[in-house]
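Source file: work25.txt (compact mmCIF, C-alpha atoms and all ligand atoms)
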```txt
# COMPACT_ATOMS: atom_id res chain seq x y z
CA MET L 1 67.52 63.70 74.53
CA ASN L 2 66.87 60.01 74.19
CA ASN L 3 63.79 59.51 72.09
CA LYS L 4 61.83 56.27 71.70
CA LEU L 5 61.94 56.72 67.91
CA ASP L 6 65.73 57.29 67.66
CA TRP L 7 66.16 53.78 66.29
CA ILE L 8 64.41 54.84 63.06
CA ASP L 9 67.15 57.35 62.14
CA LYS L 10 69.73 54.65 62.77
CA ASP L 11 67.85 52.14 60.62
CA ILE L 12 67.46 54.65 57.77
CA SER L 13 71.18 55.56 57.89
CA GLU L 14 72.06 51.88 57.73
CA LEU L 15 69.82 51.36 54.69
CA LYS L 16 71.50 54.32 52.97
CA GLU L 17 75.00 53.04 53.77
CA LYS L 18 74.17 49.67 52.22
CA GLY L 19 72.60 51.19 49.11
CA LEU L 20 69.22 49.74 50.11
CA PHE L 21 67.30 52.97 50.74
CA LYS L 22 64.48 53.31 48.23
CA ASN L 23 64.17 56.68 46.50
CA ILE L 24 60.65 56.35 45.20
CA LYS L 25 59.89 58.11 41.93
CA THR L 26 56.54 59.80 41.31
CA ILE L 27 54.92 59.14 37.92
CA GLU L 28 53.05 62.09 36.42
CA SER L 29 51.32 60.30 33.53
CA ALA L 30 49.45 57.11 32.63
CA ILE L 31 51.48 53.91 32.85
CA ASP L 32 52.57 53.11 29.32
CA ALA L 33 55.74 52.54 27.26
CA GLU L 34 56.55 56.22 27.80
CA ILE L 35 55.92 57.95 31.10
CA MET L 36 56.55 61.35 32.71
CA ILE L 37 58.71 61.74 35.81
CA ASP L 38 59.92 65.11 37.15
CA GLY L 39 58.47 66.73 34.03
CA LYS L 40 60.68 64.53 31.84
CA LYS L 41 59.55 61.93 29.28
CA LEU L 42 61.16 58.53 29.86
CA LEU L 43 61.00 55.06 28.37
CA ASN L 44 59.37 52.81 30.92
CA PHE L 45 61.05 49.43 31.43
CA CYS L 46 59.90 48.50 34.90
CA SER L 47 56.11 48.24 35.02
CA ASN L 48 54.29 44.91 35.11
CA ASN L 49 52.18 46.23 32.25
CA TYR L 50 52.93 43.14 30.15
CA LEU L 51 50.19 43.64 27.59
CA GLY L 52 49.86 47.41 27.61
CA PHE L 53 46.39 47.17 29.20
CA ALA L 54 47.07 49.74 31.96
CA ASN L 55 46.29 52.58 29.57
CA LYS L 56 44.18 50.78 26.95
CA GLU L 57 41.27 52.78 25.55
CA SER L 58 38.71 49.94 25.66
CA LEU L 59 39.45 49.18 29.33
CA LYS L 60 39.26 52.87 30.24
CA GLU L 61 35.90 53.21 28.47
CA LYS L 62 34.48 50.25 30.42
CA ALA L 63 35.81 51.65 33.71
CA LYS L 64 34.09 54.97 33.00
CA GLU L 65 30.82 53.21 32.15
CA ALA L 66 31.00 51.31 35.44
CA ILE L 67 31.50 54.54 37.39
CA ASP L 68 28.46 56.10 35.70
CA LYS L 69 26.29 53.11 36.58
CA TYR L 70 27.67 51.96 39.96
CA GLY L 71 29.59 54.95 41.41
CA VAL L 72 33.15 54.86 42.65
CA GLY L 73 33.14 52.44 45.57
CA PRO L 74 31.33 49.38 46.93
CA ALA L 75 31.08 50.87 50.47
CA ALA L 76 31.06 47.44 52.10
CA VAL L 77 32.70 44.06 52.34
CA ARG L 78 31.43 41.38 49.97
CA THR L 79 29.42 39.54 52.64
CA ILE L 80 27.40 42.60 53.73
CA SER L 81 26.36 44.79 50.79
CA GLY L 82 29.54 44.91 48.70
CA THR L 83 28.80 42.16 46.18
CA LEU L 84 27.81 43.74 42.86
CA ASP L 85 26.61 41.77 39.86
CA LEU L 86 29.87 42.98 38.27
CA HIS L 87 31.91 41.00 40.83
CA ILE L 88 29.94 37.85 40.08
CA LYS L 89 30.37 38.42 36.35
CA LEU L 90 34.15 38.83 36.71
CA GLU L 91 34.37 35.70 38.86
CA GLU L 92 32.45 33.74 36.22
CA GLU L 93 34.60 35.13 33.40
CA LEU L 94 37.81 34.30 35.29
CA ALA L 95 36.66 30.73 35.94
CA LYS L 96 35.82 30.31 32.24
CA PHE L 97 39.12 31.86 31.12
CA LYS L 98 41.10 29.65 33.51
CA LYS L 99 38.97 26.57 32.68
CA VAL L 100 38.22 25.82 36.33
CA ASP L 101 35.05 25.32 38.42
CA ALA L 102 34.99 28.72 40.12
CA ALA L 103 36.86 31.87 41.09
CA ILE L 104 36.75 34.37 43.96
CA LEU L 105 38.00 37.96 43.92
CA PHE L 106 40.27 39.65 46.44
CA GLN L 107 41.57 43.20 46.68
CA SER L 108 45.05 42.28 45.40
CA GLY L 109 47.28 39.33 44.63
CA LEU L 110 49.02 39.82 47.96
CA CYS L 111 45.64 39.73 49.69
CA ALA L 112 44.71 36.55 47.84
CA ASN L 113 47.75 34.78 49.30
CA LEU L 114 47.17 36.12 52.81
CA ALA L 115 43.52 35.08 52.50
CA THR L 116 43.98 31.61 51.13
CA ILE L 117 46.87 29.93 52.93
CA PRO L 118 45.44 30.25 56.49
CA VAL L 119 42.14 28.76 55.27
CA LEU L 120 43.86 25.74 53.73
CA VAL L 121 46.20 24.95 56.63
CA GLY L 122 46.54 25.70 60.35
CA PRO L 123 48.89 25.09 63.30
CA GLU L 124 48.57 21.30 63.05
CA ASP L 125 49.52 21.20 59.35
CA VAL L 126 52.57 21.51 57.12
CA ILE L 127 53.50 23.67 54.12
CA PHE L 128 56.25 22.92 51.61
CA SER L 129 57.35 26.20 50.04
CA ASP L 130 59.90 26.96 47.27
CA GLU L 131 62.84 28.90 48.72
CA LEU L 132 62.28 31.85 46.37
CA ASN L 133 58.53 32.19 46.81
CA HIS L 134 57.06 35.69 46.84
CA ALA L 135 56.87 37.69 50.08
CA SER L 136 53.05 37.44 50.12
CA ILE L 137 53.27 33.63 50.12
CA ILE L 138 55.80 33.77 52.95
CA ASP L 139 53.52 36.09 54.93
CA GLY L 140 50.47 33.91 54.20
CA CYS L 141 52.41 30.90 55.50
CA ARG L 142 53.31 32.82 58.69
CA LEU L 143 49.69 33.83 59.22
CA SER L 144 48.56 30.20 58.97
CA LYS L 145 50.86 29.14 61.85
CA ALA L 146 51.47 25.86 60.00
CA LYS L 147 54.95 24.33 60.05
CA VAL L 148 56.81 25.69 57.00
CA ILE L 149 59.41 23.56 55.26
CA VAL L 150 61.38 25.28 52.52
CA TYR L 151 62.49 23.17 49.55
CA LYS L 152 65.24 24.03 47.07
CA HIS L 153 64.29 26.38 44.25
CA LEU L 154 62.55 24.58 41.33
CA ASN L 155 63.52 21.21 42.81
CA PRO L 156 60.82 18.48 42.88
CA LYS L 157 63.39 15.92 44.12
CA ASP L 158 64.18 17.98 47.19
CA LEU L 159 60.44 18.54 47.67
CA GLU L 160 59.85 14.78 47.64
CA GLU L 161 62.65 14.17 50.17
CA LYS L 162 61.19 16.79 52.49
CA ILE L 163 57.65 15.44 52.17
CA LYS L 164 58.89 11.92 52.96
CA GLU L 165 60.37 13.20 56.22
CA ASN L 166 57.01 14.73 57.20
CA LEU L 167 54.39 12.18 56.28
CA SER L 168 52.77 12.22 59.70
CA PHE L 169 51.00 15.54 59.03
CA GLU L 170 47.46 15.00 57.90
CA ARG L 171 47.04 18.19 55.84
CA LYS L 172 49.95 19.00 53.57
CA LEU L 173 50.21 21.96 51.17
CA VAL L 174 52.78 22.49 48.42
CA ILE L 175 53.12 26.13 47.32
CA THR L 176 55.09 27.67 44.51
CA ASP L 177 55.23 30.84 42.45
CA GLY L 178 54.39 30.00 38.82
CA VAL L 179 56.82 32.48 37.29
CA PHE L 180 59.37 33.80 39.79
CA SER L 181 59.03 37.54 39.68
CA MET L 182 62.65 38.55 40.14
CA ASP L 183 64.30 35.91 37.94
CA GLY L 184 61.65 35.06 35.35
CA ASP L 185 62.16 31.31 35.68
CA ILE L 186 59.19 28.91 35.63
CA ALA L 187 58.19 26.37 38.30
CA PRO L 188 58.20 22.76 37.00
CA LEU L 189 54.50 22.50 37.82
CA ASP L 190 54.03 19.14 36.07
CA GLU L 191 56.72 17.56 38.29
CA LEU L 192 55.45 19.32 41.41
CA TYR L 193 51.97 18.01 40.62
CA LYS L 194 53.23 14.41 40.37
CA VAL L 195 55.00 14.64 43.73
CA SER L 196 52.00 16.35 45.37
CA GLU L 197 49.63 13.66 44.08
CA LYS L 198 51.90 10.82 45.19
CA TYR L 199 51.87 12.04 48.79
CA ASP L 200 48.34 13.42 48.86
CA CYS L 201 49.38 17.06 49.22
CA MET L 202 47.22 20.01 48.15
CA LEU L 203 48.93 22.02 45.38
CA MET L 204 48.77 25.80 45.12
CA VAL L 205 50.45 28.00 42.49
CA ASP L 206 50.72 31.79 42.50
CA ASP L 207 50.43 32.74 38.84
CA ALA L 208 50.86 36.51 39.25
CA HIS L 209 53.49 36.71 36.48
CA GLY L 210 52.10 33.87 34.36
CA GLU L 211 48.70 35.46 33.79
CA GLY L 212 48.55 37.12 30.39
CA VAL L 213 51.99 35.72 29.64
CA LEU L 214 51.99 31.89 29.63
CA GLY L 215 49.51 29.48 28.04
CA GLU L 216 46.98 29.98 25.26
CA SER L 217 46.08 33.69 25.08
CA GLY L 218 47.71 34.22 28.47
CA ARG L 219 45.63 31.70 30.42
CA GLY L 220 48.59 31.10 32.71
CA ILE L 221 50.87 28.37 33.97
CA VAL L 222 48.23 25.66 34.45
CA ASP L 223 47.26 26.02 30.79
CA HIS L 224 50.96 26.11 29.80
CA PHE L 225 51.47 22.66 31.38
CA LYS L 226 47.96 21.41 30.42
CA LEU L 227 47.17 20.62 34.06
CA HIS L 228 43.54 21.75 34.00
CA GLY L 229 41.53 20.32 36.88
CA LYS L 230 44.68 19.03 38.61
CA VAL L 231 45.98 22.05 40.50
CA ASP L 232 43.85 22.70 43.59
CA VAL L 233 44.42 26.45 43.90
CA GLU L 234 45.58 29.06 41.38
CA VAL L 235 46.21 32.48 42.89
CA GLY L 236 46.16 35.33 40.43
CA THR L 237 46.56 39.07 40.25
CA LEU L 238 44.67 41.57 38.14
CA SER L 239 47.37 44.20 38.62
CA LYS L 240 50.02 43.02 36.20
CA ALA L 241 49.10 41.76 32.69
CA PHE L 242 45.44 42.68 33.26
CA GLY L 243 46.61 46.25 33.82
CA VAL L 244 44.18 47.07 36.63
CA VAL L 245 44.30 46.10 40.32
CA GLY L 246 42.87 43.21 42.30
CA GLY L 247 43.50 39.54 42.98
CA PHE L 248 41.70 36.23 42.77
CA VAL L 249 41.75 32.53 43.43
CA ALA L 250 40.64 30.15 40.69
CA GLY L 251 40.24 26.44 41.22
CA LYS L 252 38.09 23.66 42.49
CA GLY L 253 34.55 24.61 43.54
CA GLU L 254 34.91 23.46 47.13
CA VAL L 255 38.10 25.50 47.58
CA VAL L 256 36.39 28.66 46.37
CA GLU L 257 33.36 27.98 48.59
CA ILE L 258 35.42 27.58 51.76
CA LEU L 259 37.29 30.81 50.91
CA ARG L 260 33.94 32.61 50.54
CA GLN L 261 33.02 31.43 54.04
CA LYS L 262 36.33 31.87 55.84
CA ALA L 263 38.93 34.01 54.03
CA ARG L 264 39.50 37.03 56.25
CA PRO L 265 40.24 39.69 53.58
CA PHE L 266 36.97 38.63 51.88
CA LEU L 267 35.06 38.95 55.15
CA PHE L 268 36.77 42.01 56.60
CA SER L 269 37.94 44.28 53.77
CA SER L 270 35.85 46.11 51.17
CA ALA L 271 35.29 44.68 47.70
CA MET L 272 37.02 45.72 44.45
CA THR L 273 35.78 48.98 42.97
CA PRO L 274 33.22 48.88 40.11
CA ALA L 275 35.64 50.59 37.70
CA ASP L 276 38.42 48.08 38.37
CA THR L 277 36.04 45.15 38.12
CA GLN L 278 34.51 46.23 34.81
CA ALA L 279 37.95 46.98 33.33
CA CYS L 280 39.10 43.47 34.28
CA ILE L 281 36.08 41.93 32.55
CA GLU L 282 37.09 43.83 29.42
CA ALA L 283 40.72 42.63 29.79
CA ILE L 284 39.56 39.01 29.73
CA LYS L 285 37.30 39.63 26.74
CA THR L 286 40.23 41.23 24.90
CA LEU L 287 42.42 38.18 25.54
CA GLU L 288 39.65 35.78 24.52
CA LYS L 289 39.25 37.63 21.23
CA SER L 290 42.92 37.65 20.24
CA ASP L 291 46.33 36.43 21.35
CA LYS L 292 48.05 39.28 19.48
CA PRO L 293 49.14 41.23 22.60
CA VAL L 294 50.63 38.07 24.15
CA LYS L 295 52.54 37.27 20.94
CA LYS L 296 53.85 40.83 20.70
CA LEU L 297 55.05 40.67 24.31
CA TRP L 298 57.03 37.47 23.64
CA ASN L 299 58.50 38.83 20.40
CA ASN L 300 59.64 41.98 22.17
CA ALA L 301 61.15 39.95 25.01
CA LYS L 302 63.03 37.65 22.62
CA TYR L 303 64.42 40.59 20.64
CA PHE L 304 65.54 42.51 23.73
CA LYS L 305 67.05 39.53 25.55
CA GLU L 306 69.04 38.29 22.56
CA LYS L 307 70.56 41.73 22.03
CA MET L 308 71.36 42.16 25.74
CA ASP L 309 73.08 38.76 25.81
CA LYS L 310 75.08 39.73 22.71
CA LEU L 311 76.16 42.94 24.41
CA GLY L 312 77.60 40.78 27.21
CA PHE L 313 75.07 41.36 30.01
CA ASP L 314 74.20 38.53 32.39
CA THR L 315 70.42 38.13 32.08
CA GLY L 316 70.17 35.15 34.41
CA ASN L 317 67.96 32.14 33.87
CA SER L 318 64.76 33.82 32.74
CA LYS L 319 62.34 31.85 30.56
CA THR L 320 59.79 34.66 30.37
CA PRO L 321 59.65 38.39 29.48
CA ILE L 322 61.05 39.27 32.92
CA THR L 323 64.66 40.18 32.14
CA PRO L 324 66.98 40.57 35.12
CA VAL L 325 70.24 42.36 34.39
CA MET L 326 72.40 40.87 37.10
CA LEU L 327 74.82 43.31 38.73
CA GLY L 328 75.39 41.82 42.21
CA ASP L 329 76.31 44.89 44.22
CA ALA L 330 73.35 47.05 45.33
CA LYS L 331 75.31 50.31 45.00
CA LEU L 332 76.34 49.44 41.43
CA ALA L 333 72.72 48.58 40.58
CA ASN L 334 71.55 51.93 41.97
CA GLU L 335 74.24 53.81 40.05
CA PHE L 336 73.31 51.94 36.86
CA SER L 337 69.64 52.81 37.28
CA LYS L 338 70.47 56.47 38.01
CA LYS L 339 72.56 56.78 34.86
CA LEU L 340 69.85 55.09 32.78
CA PHE L 341 67.40 57.63 34.17
CA GLU L 342 69.66 60.49 33.06
CA GLU L 343 69.70 58.88 29.60
CA GLY L 344 65.87 58.77 29.48
CA VAL L 345 65.28 55.13 30.49
CA PHE L 346 63.35 54.22 33.63
CA ALA L 347 64.44 50.83 34.98
CA VAL L 348 64.80 50.61 38.75
CA ALA L 349 67.42 48.73 40.72
CA ILE L 350 66.17 45.89 42.89
CA GLY L 351 68.06 44.88 46.01
CA TYR L 352 67.64 43.15 49.35
CA PRO L 353 65.12 42.13 50.74
CA THR L 354 63.27 41.81 47.41
CA VAL L 355 66.18 39.68 46.12
CA PRO L 356 68.88 37.92 48.20
CA MET L 357 71.80 40.01 49.51
CA GLY L 358 74.54 40.37 46.87
CA LYS L 359 72.16 39.63 43.99
CA ALA L 360 71.08 43.17 43.13
CA ARG L 361 69.92 43.76 39.60
CA ILE L 362 68.02 45.95 37.21
CA ARG L 363 64.84 44.05 36.43
CA VAL L 364 63.77 44.96 32.92
CA MET L 365 60.08 44.39 32.25
CA LEU L 366 59.16 44.08 28.61
CA SER L 367 55.70 44.99 27.38
CA ALA L 368 53.58 44.59 24.27
CA ALA L 369 53.31 48.40 24.46
CA HIS L 370 56.99 48.79 23.48
CA THR L 371 57.77 49.49 19.82
CA LYS L 372 60.99 48.36 18.16
CA ALA L 373 62.23 51.96 18.38
CA HIS L 374 61.68 51.89 22.18
CA LEU L 375 63.62 48.65 22.47
CA ASP L 376 66.49 49.88 20.30
CA LYS L 377 66.80 53.10 22.27
CA ALA L 378 66.88 51.19 25.57
CA LEU L 379 69.50 48.77 24.21
CA GLU L 380 71.68 51.68 23.12
CA LYS L 381 71.43 53.25 26.58
CA PHE L 382 72.09 49.98 28.41
CA ALA L 383 75.22 49.50 26.29
CA LYS L 384 76.40 53.05 26.99
CA VAL L 385 75.90 52.86 30.77
CA GLY L 386 77.20 49.28 30.92
CA LYS L 387 80.46 50.36 29.32
CA GLU L 388 80.77 53.50 31.46
CA LEU L 389 80.42 51.44 34.64
CA GLY L 390 82.65 48.60 33.47
CA VAL L 391 79.85 46.01 33.47
CA ILE L 392 80.41 45.15 29.80
CA PHE L 393 83.39 45.88 27.57
C1 LIG L 401 54.32 36.15 42.77
C2 LIG L 401 53.54 37.35 43.20
N1 LIG L 401 52.45 37.16 43.95
C3 LIG L 401 51.70 38.21 44.35
C4 LIG L 401 52.04 39.50 44.03
C5 LIG L 401 51.19 40.62 44.52
O1 LIG L 401 50.28 41.02 43.55
P1 LIG L 401 49.45 42.38 43.78
O2 LIG L 401 50.30 43.49 43.31
O3 LIG L 401 48.22 42.18 42.99
O4 LIG L 401 49.18 42.47 45.24
C6 LIG L 401 53.16 39.74 43.25
C7 LIG L 401 53.51 41.12 42.90
O5 LIG L 401 54.58 41.61 43.06
C8 LIG L 401 53.94 38.64 42.82
O6 LIG L 401 55.01 38.83 42.09
```
Represent the structure of the file as structure tokens.
Ligand SMILES: Cc1ncc(COP(=O)(O)O)c(C=O)c1O
Amino acid sequence: MNNKLDWIDKDISELKEKGLFKNIKTIESAIDAEIMIDGKKLLNFCSNNYLGFANKESLKEKAKEAIDKYGVGPAAVRTISGTLDLHIKLEEELAKFKKVDAAILFQSGLCANLATIPVLVGPEDVIFSDELNHASIIDGCRLSKAKVIVYKHLNPKDLEEKIKENLSFERKLVITDGVFSMDGDIAPLDELYKVSEKYDCMLMVDDAHGEGVLGESGRGIVDHFKLHGKVDVEVGTLSKAFGVVGGFVAGKGEVVEILRQKARPFLFSSAMTPADTQACIEAIKTLEKSDKPVKKLWNNAKYFKEKMDKLGFDTGNSKTPITPVMLGDAKLANEFSKKLFEEGVFAVAIGYPTVPMGKARIRVMLSAAHTKAHLDKALEKFAKVGKELGVIF
């Protein structure tokens, strides 16, 4: 019988044929350097837990304290009865940490992008967007209904050419990821700033993978380039280096104020939980006290990457702890990941649509939580599987 949902079976079969069907693993432990899956202990090389904060005692203690005092949920959106003093405190701490006027919280980094872009621009306006920007930026651009012009990856010259062809728009917005999440390369924010200023464009950077990684004590990409006060909007996430969950925008006071008045996820979706909020405050305090976790992360990344390159793997153009192991074919990437799993290493394959077709890879995520023994074991297993599958010789 013809069924109106028959197309789903067809779609799923097609995904399987192309090696793009996601077999999602269930984690049975805290997120740390070692995790449990299917009752088996594995080395974890694919979380965004850059600094090891996801299972850090001090953050857990603060989260528990917040639950005891405030309960488990805010039970409202921020503009009704969901704004706790904890939210205000975290916004103030974030603004101080980022050295900007003000900050506003959202439920996630994705939400922050969906919230912000449609407030900054509308159907009469134009956006210039890097061709490899994150899906949440792309979706935020779509929601805004502004004209979207894509410029070549990391290319301020191409950006300038494209702006020159579109000078008639009154409101213009340049948007880029800070660190590109699948390749680990860094946007030339200083150059993008110069071009944006020259043509009077607003500049927005999504620093999801720069937070806790770049700049002094992990203050992010704006600090890395010493562009304080120059970038109009910094989008951030609390769910990667900060180890918790949530998102925010940090930047000029007027930008934050208009988001408070108009950003739809702020107006129409409940606030961050007390436990998450308090844990994030502790994450910032930890970073302000010491840059040790950030240094350890970079040392681990340098060690791992140098050894992988020596083994003969193609680790792309990464300038950060994100380490893509480029394999090209999605089926090969899946097979590689499966064999690593059998060897006790959890590192998932990433394929289309997260990365372009034909550019499948294993994205290795280093963490300050990894010890040298963890790194050496992973390197040994990568070498073994790489040889078995003919990726290295
Ligand atoms: C560049 C970028 N922006 C936003 C996000 C979304 O962040 P969150 O997980 O907090 O929604 C991600 C996460 O994958 C990202 O890489």
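You will find CA of Leu267 in chain L at 14.6 Å from CA of Asn113 in chain L.
A straight line drawn from CA of Ala301 in chain L to CA of Lys240 in chain L is 16.1 Å long.
The closest residue to ligand LIG 401 (chain L), picked from L:Gly109, L:Pro353, L:Gly328, L:Gly316 and counting only C-alpha atoms and all ligand atoms, is L:Gly109.
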Check your understanding: Please, which residues have at least one atom within 10 Å of an atom of ligand LIG 401 (chain L), using only C-alpha atoms and all ligand atoms, listed as a ChimeraX atom specification?
Key -> /L:48,106-114,132-137,176-182,205-210,235-240,244-248,354
Grab all the atoms of range 369-374 of chain L that the file lists, wrap them in a box along x, y and z, add 8 Å per side, and give me centre plus edge lengths in Å (one decimal) as lines of an AutoDock Vina configuration file.
```
center_x = 57.8
center_y = 50.2
center_z = 21.3
size_x = 24.9
size_y = 19.6
size_z = 22.3
```
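Comparing L:Val391, L:Leu189, L:Ile322, L:Val233 by their smallest distance to Ile221 in chain L, the closest is L:Leu189 (using all atoms listed in the file).
With distances taken over all atoms listed in the file, L:Gly212 is the one residue among L:Gly39, L:Gly71, L:Gly229, L:Gly212 lying closest to Gly52 in chain L.
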**Study point:** Residues within 6 Å of range 249-263 of chain L, all atoms listed in the file, excluding chain neighbours under 3 positions, as an NGL selection string
**Key:** :L and (100-104 or 115 or 232-235 or 266)
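Distance check against His374 in chain L using all atoms listed in the file: of L:Leu120, L:Leu42, L:Ala360, L:Cys141, the minimum falls on L:Leu42.
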Residue contacts of Lys164 in chain L (10 Å, only C-alpha atoms) excluding same-chain residues fewer than 5 positions away, as a PDB file with C-alpha atoms, keeping the file's coordinate frame:
```pdb
ATOM      1  CA  ASP L 158      64.180  17.980  47.190  1.00  0.00           C
ATOM      2  CA  LEU L 159      60.440  18.540  47.670  1.00  0.00           C
ATOM      3  CA  TYR L 199      51.870  12.040  48.790  1.00  0.00           C
TER       4      TYR L 199
END
```
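Taking CA of Cys201 in chain L as the reference point, CA of Val150 in chain L is found at 14.9 Å.
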Exercise for review: Pick out the residues sitting within 7 Å of Val231 in chain L, and hand them over as a PyMOL selection string; count only C-alpha atoms, and ignore anything fewer than 3 positions along from it in its own chain.
Suggested key: chain L and resi 203-204+227-228
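Checking L:Ala349, L:Ile362, L:Ile12, L:Ala76 one by one against Ile24 in chain L, counting all atoms listed in the file, you find the shortest gap at L:Ala349.
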Exercise for review: Name the residues in contact with range 324-326 of chain L at a cut-off of 6 Å, using all atoms listed in the file, excluding same-chain residues fewer than 5 positions from it; report them as a PyMOL selection string.
Suggested key: chain L and resi 314-315+361-364
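Distances from L:Val77, L:Leu297, L:Ala330, L:Val121 to Lys16 in chain L were compared using only C-alpha atoms, and the smallest one belongs to L:Ala330.
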